[in-house]
>>> print(open('my_file00.pdb').read())   # PDB, C-alpha atoms
ATOM      1  CA  MET A   1     -12.191  15.080   4.426
ATOM      2  CA  LEU A   2     -15.306  12.979   4.198
ATOM      3  CA  ASP A   3     -16.749  12.122   7.630
ATOM      4  CA  ARG A   4     -16.821   8.474   8.741
ATOM      5  CA  LEU A   5     -15.519   7.129   5.469
ATOM      6  CA  ASP A   6     -15.164   3.375   5.965
ATOM      7  CA  LEU A   7     -11.895   2.167   4.479
ATOM      8  CA  LEU A   8     -11.268  -1.564   4.118
ATOM      9  CA  VAL A   9      -7.784  -2.956   3.515
ATOM     10  CA  ILE A  10      -7.457  -6.610   2.522
ATOM     11  CA  GLY A  11      -4.090  -8.285   2.812
ATOM     12  CA  GLU A  12      -1.298  -9.774   4.829
ATOM     13  CA  CYS A  13       0.400  -8.909   8.083
ATOM     14  CA  VAL A  14       4.097  -9.763   8.322
ATOM     15  CA  ALA A  15       6.510  -9.641  11.241
ATOM     16  CA  ASP A  16       9.580  -7.859   9.849
ATOM     17  CA  ILE A  17      12.729  -9.166  11.540
ATOM     18  CA  VAL A  18      15.162  -6.357  10.780
ATOM     19  CA  ARG A  19      18.827  -7.244  10.498
ATOM     20  CA  GLU A  20      21.611  -4.759   9.889
ATOM     21  CA  PRO A  21      25.374  -4.721  10.279
ATOM     22  CA  ASP A  22      26.698  -4.669  13.862
ATOM     23  CA  ALA A  23      23.241  -4.553  15.504
ATOM     24  CA  ALA A  24      20.867  -6.955  17.234
ATOM     25  CA  ASP A  25      17.777  -8.150  15.341
ATOM     26  CA  ARG A  26      14.678  -5.980  15.759
ATOM     27  CA  VAL A  27      11.090  -7.163  15.144
ATOM     28  CA  HIS A  28       8.695  -4.633  13.623
ATOM     29  CA  PRO A  29       5.028  -5.106  12.706
ATOM     30  CA  GLY A  30       4.780  -5.071   8.921
ATOM     31  CA  GLY A  31       3.142  -6.337   5.771
ATOM     32  CA  SER A  32       2.286  -3.861   3.046
ATOM     33  CA  PRO A  33      -1.535  -3.909   3.448
ATOM     34  CA  ALA A  34      -1.211  -3.820   7.244
ATOM     35  CA  ASN A  35       1.120  -0.832   6.943
ATOM     36  CA  VAL A  36      -1.393   0.977   4.735
ATOM     37  CA  ALA A  37      -4.226   0.311   7.194
ATOM     38  CA  TYR A  38      -2.049   1.523  10.058
ATOM     39  CA  GLY A  39      -1.069   4.643   8.119
ATOM     40  CA  LEU A  40      -4.687   5.465   7.309
ATOM     41  CA  ALA A  41      -5.720   5.059  10.938
ATOM     42  CA  ARG A  42      -2.801   7.242  12.063
ATOM     43  CA  LEU A  43      -4.126   9.917   9.724
ATOM     44  CA  GLY A  44      -7.558   9.792  11.364
ATOM     45  CA  HIS A  45      -9.514   7.399   9.145
ATOM     46  CA  ASP A  46     -11.830   4.541  10.101
ATOM     47  CA  ALA A  47      -9.693   1.669   8.821
ATOM     48  CA  THR A  48     -10.530  -2.037   8.903
ATOM     49  CA  LEU A  49      -7.937  -4.667   8.003
ATOM     50  CA  LEU A  50      -9.119  -8.057   6.775
ATOM     51  CA  THR A  51      -6.150 -10.375   7.282
ATOM     52  CA  GLN A  52      -4.700 -13.479   8.942
ATOM     53  CA  LEU A  53      -2.825 -13.462  12.254
ATOM     54  CA  GLY A  54      -1.466 -16.416  14.185
ATOM     55  CA  ALA A  55      -1.972 -16.988  17.914
ATOM     56  CA  ASP A  56       1.746 -16.433  18.471
ATOM     57  CA  ASP A  57       4.018 -13.705  19.797
ATOM     58  CA  ASN A  58       4.380 -12.083  16.388
ATOM     59  CA  GLY A  59       0.621 -12.118  15.884
ATOM     60  CA  ARG A  60       0.025 -10.483  19.253
ATOM     61  CA  LEU A  61       2.694  -7.879  18.518
ATOM     62  CA  ILE A  62       1.065  -6.957  15.209
ATOM     63  CA  ARG A  63      -2.487  -6.951  16.572
ATOM     64  CA  ASP A  64      -1.484  -4.638  19.444
ATOM     65  CA  HIS A  65       0.390  -2.384  17.036
ATOM     66  CA  LEU A  66      -2.613  -2.036  14.723
ATOM     67  CA  ALA A  67      -4.994  -1.509  17.623
ATOM     68  CA  SER A  68      -2.775   1.295  18.962
ATOM     69  CA  ALA A  69      -3.673   3.343  15.871
ATOM     70  CA  GLY A  70      -7.342   2.342  15.937
ATOM     71  CA  VAL A  71      -7.330  -0.245  13.144
ATOM     72  CA  ASP A  72     -10.252  -2.695  13.371
ATOM     73  CA  VAL A  73      -8.628  -6.077  12.700
ATOM     74  CA  ARG A  74     -10.803  -8.822  11.196
ATOM     75  CA  THR A  75      -9.469 -12.324  10.574
ATOM     76  CA  ASP A  76     -10.809 -15.504   9.026
ATOM     77  CA  GLY A  77     -10.011 -17.559  12.131
ATOM     78  CA  SER A  78      -7.130 -19.407  10.509
ATOM     79  CA  ALA A  79      -4.646 -21.135  12.834
ATOM     80  CA  ALA A  80      -1.718 -20.537  10.446
ATOM     81  CA  PRO A  81       1.373 -18.949  12.026
ATOM     82  CA  THR A  82       1.903 -15.236  11.513
ATOM     83  CA  PRO A  83       3.972 -14.648   8.359
ATOM     84  CA  SER A  84       7.486 -13.305   8.847
ATOM     85  CA  ALA A  85      10.169 -11.659   6.762
ATOM     86  CA  ALA A  86      13.834 -11.266   7.561
ATOM     87  CA  VAL A  87      14.650  -7.746   6.370
ATOM     88  CA  THR A  88      18.376  -7.230   5.829
ATOM     89  CA  LEU A  89      19.531  -3.618   5.566
ATOM     90  CA  ASP A  90      22.743  -2.556   3.886
ATOM     91  CA  GLY A  91      24.826   0.418   4.922
ATOM     92  CA  ALA A  92      22.560   2.799   2.971
ATOM     93  CA  GLY A  93      19.370   1.494   4.603
ATOM     94  CA  ARG A  94      18.203  -0.398   1.496
ATOM     95  CA  ALA A  95      16.169  -3.499   2.305
ATOM     96  CA  THR A  96      16.205  -7.058   0.981
ATOM     97  CA  TYR A  97      13.743  -9.716   2.207
ATOM     98  CA  ASP A  98      13.611 -13.427   3.063
ATOM     99  CA  PHE A  99      10.008 -14.551   3.595
ATOM    100  CA  GLU A 100       8.152 -17.283   5.473
ATOM    101  CA  ILE A 101       4.616 -16.687   4.222
ATOM    102  CA  THR A 102       1.363 -18.636   4.308
ATOM    103  CA  TRP A 103      -1.725 -16.950   2.823
ATOM    104  CA  THR A 104      -4.916 -18.996   2.903
ATOM    105  CA  LEU A 105      -7.495 -16.254   3.527
ATOM    106  CA  GLY A 106     -11.060 -17.517   3.539
ATOM    107  CA  PRO A 107     -14.285 -15.523   3.003
ATOM    108  CA  VAL A 108     -15.260 -13.181   5.853
ATOM    109  CA  SER A 109     -18.591 -11.367   6.150
ATOM    110  CA  LEU A 110     -18.616  -7.645   6.911
ATOM    111  CA  GLU A 111     -21.254  -5.826   8.932
ATOM    112  CA  ARG A 112     -21.234  -2.838   6.592
ATOM    113  CA  ALA A 113     -20.041  -2.176   3.082
ATOM    114  CA  PRO A 114     -16.871  -0.067   2.867
ATOM    115  CA  ALA A 115     -16.679   3.119   0.834
ATOM    116  CA  HIS A 116     -13.154   2.312  -0.330
ATOM    117  CA  VAL A 117     -11.176  -0.932  -0.629
ATOM    118  CA  HIS A 118      -7.393  -1.203  -0.829
ATOM    119  CA  THR A 119      -5.397  -4.353  -1.552
ATOM    120  CA  GLY A 120      -2.137  -5.513  -3.038
ATOM    121  CA  SER A 121       1.196  -7.165  -2.345
ATOM    122  CA  ILE A 122       1.557 -10.829  -1.434
ATOM    123  CA  ALA A 123      -2.165 -11.158  -0.762
ATOM    124  CA  THR A 124      -3.024 -10.746  -4.439
ATOM    125  CA  VAL A 125      -0.577 -13.331  -5.825
ATOM    126  CA  THR A 126      -0.239 -16.092  -3.202
ATOM    127  CA  GLU A 127      -2.857 -18.828  -3.487
ATOM    128  CA  PRO A 128      -5.255 -19.936  -2.227
ATOM    129  CA  GLY A 129      -5.882 -16.615  -0.488
ATOM    130  CA  ALA A 130      -5.355 -14.517  -3.619
ATOM    131  CA  ALA A 131      -8.555 -15.927  -5.132
ATOM    132  CA  THR A 132     -10.498 -14.826  -2.033
ATOM    133  CA  VAL A 133      -9.050 -11.318  -2.323
ATOM    134  CA  ALA A 134      -9.958 -11.004  -5.996
ATOM    135  CA  ALA A 135     -13.503 -12.235  -5.358
ATOM    136  CA  ALA A 136     -13.939  -9.797  -2.457
ATOM    137  CA  VAL A 137     -12.764  -6.830  -4.507
ATOM    138  CA  GLU A 138     -15.008  -7.758  -7.415
ATOM    139  CA  SER A 139     -18.028  -8.044  -5.116
ATOM    140  CA  LEU A 140     -17.356  -4.721  -3.342
ATOM    141  CA  ARG A 141     -16.272  -2.457  -6.188
ATOM    142  CA  ALA A 142     -19.785  -1.602  -7.377
ATOM    143  CA  ALA A 143     -20.319   0.360  -4.153
ATOM    144  CA  ALA A 144     -16.722   1.340  -3.372
ATOM    145  CA  THR A 145     -13.693   2.846  -4.994
ATOM    146  CA  VAL A 146     -10.688   0.523  -5.165
ATOM    147  CA  SER A 147      -6.924   1.011  -4.914
ATOM    148  CA  TYR A 148      -4.112  -1.436  -5.582
ATOM    149  CA  ASP A 149      -0.354  -1.609  -5.020
ATOM    150  CA  PRO A 150       1.443  -4.666  -6.455
ATOM    151  CA  ASN A 151       4.381  -4.180  -4.030
ATOM    152  CA  VAL A 152       6.325  -6.834  -5.913
ATOM    153  CA  ARG A 153       8.389  -9.275  -3.876
ATOM    154  CA  PRO A 154      10.221 -11.324  -6.541
ATOM    155  CA  GLU A 155      10.880 -14.257  -4.200
ATOM    156  CA  LEU A 156       7.128 -14.766  -3.703
ATOM    157  CA  MET A 157       5.644 -13.935  -7.090
ATOM    158  CA  GLY A 158       5.848 -17.450  -8.502
ATOM    159  CA  ASP A 159       5.521 -17.903 -12.244
ATOM    160  CA  HIS A 160       6.231 -14.549 -13.905
ATOM    161  CA  ALA A 161       3.500 -14.728 -16.528
ATOM    162  CA  ALA A 162       0.903 -15.741 -13.937
ATOM    163  CA  ALA A 163       2.010 -12.906 -11.636
ATOM    164  CA  VAL A 164       1.628 -10.395 -14.467
ATOM    165  CA  ARG A 165      -1.877 -11.692 -15.207
ATOM    166  CA  LYS A 166      -2.870 -11.312 -11.551
ATOM    167  CA  ALA A 167      -1.426  -7.810 -11.372
ATOM    168  CA  GLU A 168      -3.251  -6.779 -14.528
ATOM    169  CA  LEU A 169      -6.513  -8.224 -13.197
ATOM    170  CA  CYS A 170      -6.161  -6.101 -10.058
ATOM    171  CA  VAL A 171      -5.267  -3.013 -12.079
ATOM    172  CA  GLY A 172      -8.392  -3.468 -14.169
ATOM    173  CA  LEU A 173     -10.551  -3.628 -11.023
ATOM    174  CA  SER A 174      -9.034  -0.472  -9.539
ATOM    175  CA  ASP A 175      -9.677   3.259  -9.615
ATOM    176  CA  VAL A 176      -6.304   4.175  -8.115
ATOM    177  CA  VAL A 177      -3.060   2.258  -8.660
ATOM    178  CA  LYS A 178       0.356   2.870  -7.145
ATOM    179  CA  ALA A 179       3.527   1.035  -8.166
ATOM    180  CA  SER A 180       7.222   1.642  -7.760
ATOM    181  CA  ASP A 181       9.503   1.832 -10.771
ATOM    182  CA  GLU A 182      11.104  -1.390  -9.461
ATOM    183  CA  ASP A 183       7.696  -3.128  -9.401
ATOM    184  CA  LEU A 184       7.080  -2.207 -13.014
ATOM    185  CA  GLU A 185      10.595  -3.150 -14.106
ATOM    186  CA  TRP A 186      10.095  -6.638 -12.634
ATOM    187  CA  LEU A 187       6.666  -7.069 -14.199
ATOM    188  CA  TYR A 188       7.752  -5.729 -17.609
ATOM    189  CA  PRO A 189      11.509  -6.239 -18.033
ATOM    190  CA  GLY A 190      13.118  -3.858 -20.479
ATOM    191  CA  GLU A 191      10.116  -1.518 -20.655
ATOM    192  CA  ASP A 192      10.177   2.034 -19.369
ATOM    193  CA  PRO A 193       8.138   1.994 -16.108
ATOM    194  CA  VAL A 194       6.156   5.097 -17.008
ATOM    195  CA  LYS A 195       5.226   3.597 -20.376
ATOM    196  CA  ALA A 196       3.984   0.478 -18.577
ATOM    197  CA  ALA A 197       1.946   2.678 -16.213
ATOM    198  CA  GLU A 198       0.475   4.518 -19.194
ATOM    199  CA  ARG A 199      -0.674   1.191 -20.602
ATOM    200  CA  TRP A 200      -2.219   0.268 -17.255
ATOM    201  CA  LEU A 201      -4.158   3.526 -17.290
ATOM    202  CA  THR A 202      -6.004   2.437 -20.427
ATOM    203  CA  THR A 203      -7.355  -0.690 -18.697
ATOM    204  CA  GLY A 204      -9.467   0.941 -15.991
ATOM    205  CA  PRO A 205      -7.786   3.151 -13.367
ATOM    206  CA  ALA A 206      -8.377   6.892 -13.156
ATOM    207  CA  VAL A 207      -4.755   7.483 -12.088
ATOM    208  CA  VAL A 208      -1.560   5.466 -11.750
ATOM    209  CA  PHE A 209       1.075   6.732  -9.312
ATOM    210  CA  VAL A 210       4.684   5.704  -9.951
ATOM    211  CA  THR A 211       7.205   6.118  -7.137
ATOM    212  CA  GLN A 212      10.861   6.517  -8.053
ATOM    213  CA  GLY A 213      12.690   6.518  -4.727
ATOM    214  CA  GLY A 214      14.965   9.518  -4.331
ATOM    215  CA  ASP A 215      13.915  10.763  -7.760
ATOM    216  CA  GLY A 216      10.405  11.560  -6.541
ATOM    217  CA  ALA A 217       7.099  10.335  -7.938
ATOM    218  CA  CYS A 218       4.713  10.970 -10.779
ATOM    219  CA  ALA A 219       1.058  10.478 -11.594
ATOM    220  CA  VAL A 220      -0.010   9.136 -14.968
ATOM    221  CA  LEU A 221      -3.232  10.758 -16.171
ATOM    222  CA  PRO A 222      -5.109  10.629 -19.474
ATOM    223  CA  ASP A 223      -3.708  14.053 -20.390
ATOM    224  CA  GLY A 224      -0.092  13.348 -19.383
ATOM    225  CA  LEU A 225       2.220  13.223 -16.390
ATOM    226  CA  VAL A 226       2.392  15.200 -13.165
ATOM    227  CA  ALA A 227       5.650  14.854 -11.234
ATOM    228  CA  VAL A 228       7.018  15.962  -7.862
ATOM    229  CA  GLU A 229      10.458  15.703  -6.310
ATOM    230  CA  ALA A 230      11.143  13.617  -3.231
ATOM    231  CA  LEU A 231      11.212  15.591  -0.006
ATOM    232  CA  PRO A 232      14.642  15.834   1.639
ATOM    233  CA  ALA A 233      15.090  13.195   4.337
ATOM    234  CA  GLU A 234      17.932  11.603   6.263
ATOM    235  CA  VAL A 235      17.258   7.954   5.482
ATOM    236  CA  VAL A 236      17.300   5.530   8.410
ATOM    237  CA  ASP A 237      15.701   2.741   6.385
ATOM    238  CA  THR A 238      13.248   2.408   3.503
ATOM    239  CA  VAL A 239      10.978  -0.179   5.155
ATOM    240  CA  GLY A 240       7.349   0.846   4.614
ATOM    241  CA  ALA A 241       8.136   3.916   2.521
ATOM    242  CA  GLY A 242       5.919   2.840  -0.367
ATOM    243  CA  ASP A 243       3.105   1.942   2.020
ATOM    244  CA  ALA A 244       3.344   5.370   3.654
ATOM    245  CA  PHE A 245       3.147   6.924   0.188
ATOM    246  CA  MET A 246       0.016   4.859  -0.477
ATOM    247  CA  SER A 247      -1.729   5.785   2.774
ATOM    248  CA  GLY A 248      -0.711   9.409   2.258
ATOM    249  CA  ALA A 249      -2.138   9.412  -1.255
ATOM    250  CA  LEU A 250      -5.428   7.864  -0.124
ATOM    251  CA  HIS A 251      -5.612  10.362   2.742
ATOM    252  CA  ALA A 252      -5.148  13.222   0.292
ATOM    253  CA  LEU A 253      -7.729  11.843  -2.153
ATOM    254  CA  ALA A 254     -10.214  11.529   0.713
ATOM    255  CA  ALA A 255      -9.488  15.121   1.718
ATOM    256  CA  HIS A 256     -10.501  16.166  -1.796
ATOM    257  CA  GLY A 257     -13.690  14.083  -1.616
ATOM    258  CA  LEU A 258     -12.424  11.642  -4.237
ATOM    259  CA  LEU A 259     -12.861   8.309  -2.439
ATOM    260  CA  GLY A 260     -16.083   6.365  -2.082
ATOM    261  CA  PRO A 261     -18.808   5.928  -4.682
ATOM    262  CA  ALA A 262     -19.586   9.649  -4.618
ATOM    263  CA  GLY A 263     -15.964  10.426  -5.431
ATOM    264  CA  ARG A 264     -15.539   8.143  -8.428
ATOM    265  CA  GLU A 265     -16.772  10.691 -10.967
ATOM    266  CA  GLY A 266     -14.341  13.251  -9.563
ATOM    267  CA  LEU A 267     -11.489  10.772  -9.845
ATOM    268  CA  ARG A 268     -12.232  10.447 -13.537
ATOM    269  CA  ALA A 269     -11.872  14.222 -13.915
ATOM    270  CA  LEU A 270      -8.753  14.835 -11.835
ATOM    271  CA  ASP A 271      -7.072  18.165 -12.508
ATOM    272  CA  ARG A 272      -3.330  18.662 -12.333
ATOM    273  CA  ALA A 273      -3.424  20.957  -9.287
ATOM    274  CA  THR A 274      -5.289  18.349  -7.255
ATOM    275  CA  VAL A 275      -2.943  15.582  -8.361
ATOM    276  CA  THR A 276       0.078  17.702  -7.464
ATOM    277  CA  ASP A 277      -1.326  18.196  -3.969
ATOM    278  CA  VAL A 278      -1.953  14.461  -3.619
ATOM    279  CA  LEU A 279       1.582  13.658  -4.751
ATOM    280  CA  ARG A 280       3.110  16.189  -2.353
ATOM    281  CA  ARG A 281       1.201  14.812   0.623
ATOM    282  CA  ALA A 282       2.079  11.241  -0.319
ATOM    283  CA  ALA A 283       5.759  12.124  -0.789
ATOM    284  CA  ALA A 284       5.796  13.873   2.590
ATOM    285  CA  SER A 285       4.300  10.790   4.238
ATOM    286  CA  ALA A 286       7.064   8.652   2.723
ATOM    287  CA  ALA A 287       9.760  11.157   3.762
ATOM    288  CA  VAL A 288       8.671  11.024   7.401
ATOM    289  CA  THR A 289       8.718   7.225   7.317
ATOM    290  CA  VAL A 290      12.205   6.754   5.849
ATOM    291  CA  ALA A 291      13.650   9.058   8.512
ATOM    292  CA  ARG A 292      12.879   6.582  11.302
ATOM    293  CA  ALA A 293      13.246   2.859  11.822
ATOM    294  CA  GLY A 294      10.611   0.427  10.583
ATOM    295  CA  ALA A 295       7.276   1.096   8.893
ATOM    296  CA  SER A 296       6.301   4.096  11.026
ATOM    297  CA  PRO A 297       4.065   6.448   8.999
ATOM    298  CA  PRO A 298       3.094   9.918  10.223
ATOM    299  CA  ASP A 299       0.012  11.137  11.965
ATOM    300  CA  GLU A 300      -1.754  14.242  10.678
ATOM    301  CA  ALA A 301       0.343  16.664  12.745
ATOM    302  CA  GLU A 302       3.607  15.100  11.559
ATOM    303  CA  LEU A 303       2.424  15.126   7.959
ATOM    304  CA  ARG A 304       1.492  18.812   8.160
ATOM    305  CA  ALA A 305       4.866  19.614   9.718
ATOM    306  CA  ALA A 306       6.681  17.773   6.919
ATOM    307  CA  LEU A 307       4.736  19.832   4.397
ATOM    308  CA  GLY A 308       5.573  23.045   6.221
ATOM    309  CA  TRP A 309       1.930  23.708   7.058
ATOM    310  CA  THR A 310       1.062  25.478  10.294
TER     311      THR A 310
END
>>> encode(input="my_file00.pdb", output="structure tokens")
Amino acid sequence: MLDRLDLLVIGECVADIVREPDAADRVHPGGSPANVAYGLARLGHDATLLTQLGADDNGRLIRDHLASAGVDVRTDGSAAPTPSAAVTLDGAGRATYDFEITWTLGPVSLERAPAHVHTGSIATVTEPGAATVAAAVESLRAAATVSYDPNVRPELMGDHAAAVRKAELCVGLSDVVKASDEDLEWLYPGEDPVKAAERWLTTGPAVVFVTQGGDGACAVLPDGLVAVEALPAEVVDTVGAGDAFMSGALHALAAHGLLGPAGREGLRALDRATVTDVLRRAAASAAVTVARAGASPPDEAELRAALGWT
């Protein structure tokens, strides 16, 4: 893995209020970008999260949670309350969401330029903050690789056509894209998700990862698909599974020297063996996460154990 690779994540924090049958509510730190930053830090990376947090109990909970993994949290000083989401789990652990979100991110200066930038989710579609995110990514991408995960939340996407345009803008700015089959089905109703990912690939990214829940995941490359099965796991809940896949994939790409400006050329020449390794590590990260409550991604030792590495 590259030493001291500065990874910047831009996006929202959300307090996930988890509700399930016959149990008291539980509050977990969440938000897709925050989960990715936390996962990267757990895996040993220097991760900075540019976000908004309120001066409230939920904000303090999330800030302490991120700090416990070593995430450097930067905010724009907004006084807005910390966003929240009521996460209702059914008997199979599948999640549905009810959001209370404000996203007004303003420009924030950074002391040093990151080598890689990740963004996605609510932060890239909810105005006025989405415009700040897009401008930041555009300004940083000349000296950094970029990844993006739309992490579609239908209740918050607003006008469908506008949401698709914003997603496609982010895809075009990115080197690495990850989306679930459900994300792609919402963005492009009636179209096969892999076909949609193949079209995305032609607009800029070096690779598009498509997660398919229990059916595993695949990577769309210029020369075809690479697929892996999901790792066996006893599912407690699926909260944060996609984010753990994303942090696991970025961790694996960094291990292969494929993040940062020096890695961009290698990303454009990915071989199938490398992509298979990246997919396996990402799938293992997701498998660890679904086996325990909340968005709780693995550290390096747990990831290696899930992969059967000694």
>>> atom_distance(input="my_file00.pdb", atom1="atom CA of Thr132 of chain A", atom2="atom CA of Ile17 of chain A")
27.5 Å
>>> residues_around(input="my_file00.pdb", residues="Leu5 of chain A", least_positions_apart="5", cutoff="10 Å", atoms="all atoms listed in the file", output="PyMOL selection string")
chain A and resi 45-47+114-116+254+259-260
>>> closest_atom_pairs(input="my_file00.pdb", of="segment 179-203 of chain A", to="segment 213-221 of chain A", cutoff="10 Å", atoms="all atoms listed in the file", output="CSV")
residue,atom,partner,partner_atom,distance
A:Ala179,CA,A:Ala217,CA,10.0
A:Ser180,CA,A:Gly213,CA,7.9
A:Asp181,CA,A:Gly213,CA,8.3
A:Glu182,CA,A:Gly213,CA,9.4
A:Val194,CA,A:Val220,CA,7.6
A:Lys195,CA,A:Val220,CA,9.3
A:Ala197,CA,A:Val220,CA,6.9
A:Glu198,CA,A:Val220,CA,6.3
A:Arg199,CA,A:Val220,CA,9.8
A:Trp200,CA,A:Val220,CA,9.4
A:Leu201,CA,A:Val220,CA,7.4
A:Thr202,CA,A:Leu221,CA,9.7
>>> residues_near_point(input="my_file00.pdb", point="(15.7, 1.5, 6.0)", cutoff="10 Å", atoms="only C-alpha atoms", output="JSON, numbers by chain")
{"A": [18, 20, 87, 88, 89, 90, 91, 92, 93, 94, 95, 96, 235, 236, 237, 238, 239, 240, 241, 289, 290, 291, 292, 293, 294, 295]}
>>> residues_around(input="my_file00.pdb", residues="Gly266 of chain A", least_positions_apart="2", cutoff="12 Å", atoms="only C-alpha atoms", output="short mmCIF file (atom, residue, chain, number, x, y, z; two decimals) with C-alpha atoms, in the coordinates of the input")
data_model
loop_
_atom_site.label_atom_id
_atom_site.label_comp_id
_atom_site.auth_asym_id
_atom_site.auth_seq_id
_atom_site.Cartn_x
_atom_site.Cartn_y
_atom_site.Cartn_z
CA THR A 145 -13.69 2.85 -4.99
CA ASP A 175 -9.68 3.26 -9.62
CA ALA A 206 -8.38 6.89 -13.16
CA VAL A 207 -4.76 7.48 -12.09
CA LEU A 253 -7.73 11.84 -2.15
CA ALA A 254 -10.21 11.53 0.71
CA HIS A 256 -10.50 16.17 -1.80
CA GLY A 257 -13.69 14.08 -1.62
CA LEU A 258 -12.42 11.64 -4.24
CA LEU A 259 -12.86 8.31 -2.44
CA GLY A 260 -16.08 6.36 -2.08
CA PRO A 261 -18.81 5.93 -4.68
CA ALA A 262 -19.59 9.65 -4.62
CA GLY A 263 -15.96 10.43 -5.43
CA ARG A 264 -15.54 8.14 -8.43
CA ARG A 268 -12.23 10.45 -13.54
CA ALA A 269 -11.87 14.22 -13.92
CA LEU A 270 -8.75 14.84 -11.84
CA ASP A 271 -7.07 18.16 -12.51
CA THR A 274 -5.29 18.35 -7.26
CA VAL A 275 -2.94 15.58 -8.36
#
>>> closest_residue(input="my_file00.pdb", among="A:Asp6, A:Glu138, A:Glu127, A:Asp149", to="Asp183 of chain A", atoms="all atoms listed in the file")
A:Asp149
>>> residues_around(input="my_file00.pdb", residues="Phe99 of chain A", least_positions_apart="5", cutoff="9 Å", atoms="all atoms listed in the file", output="number ranges by chain")
A: 14, 83-87, 155-156
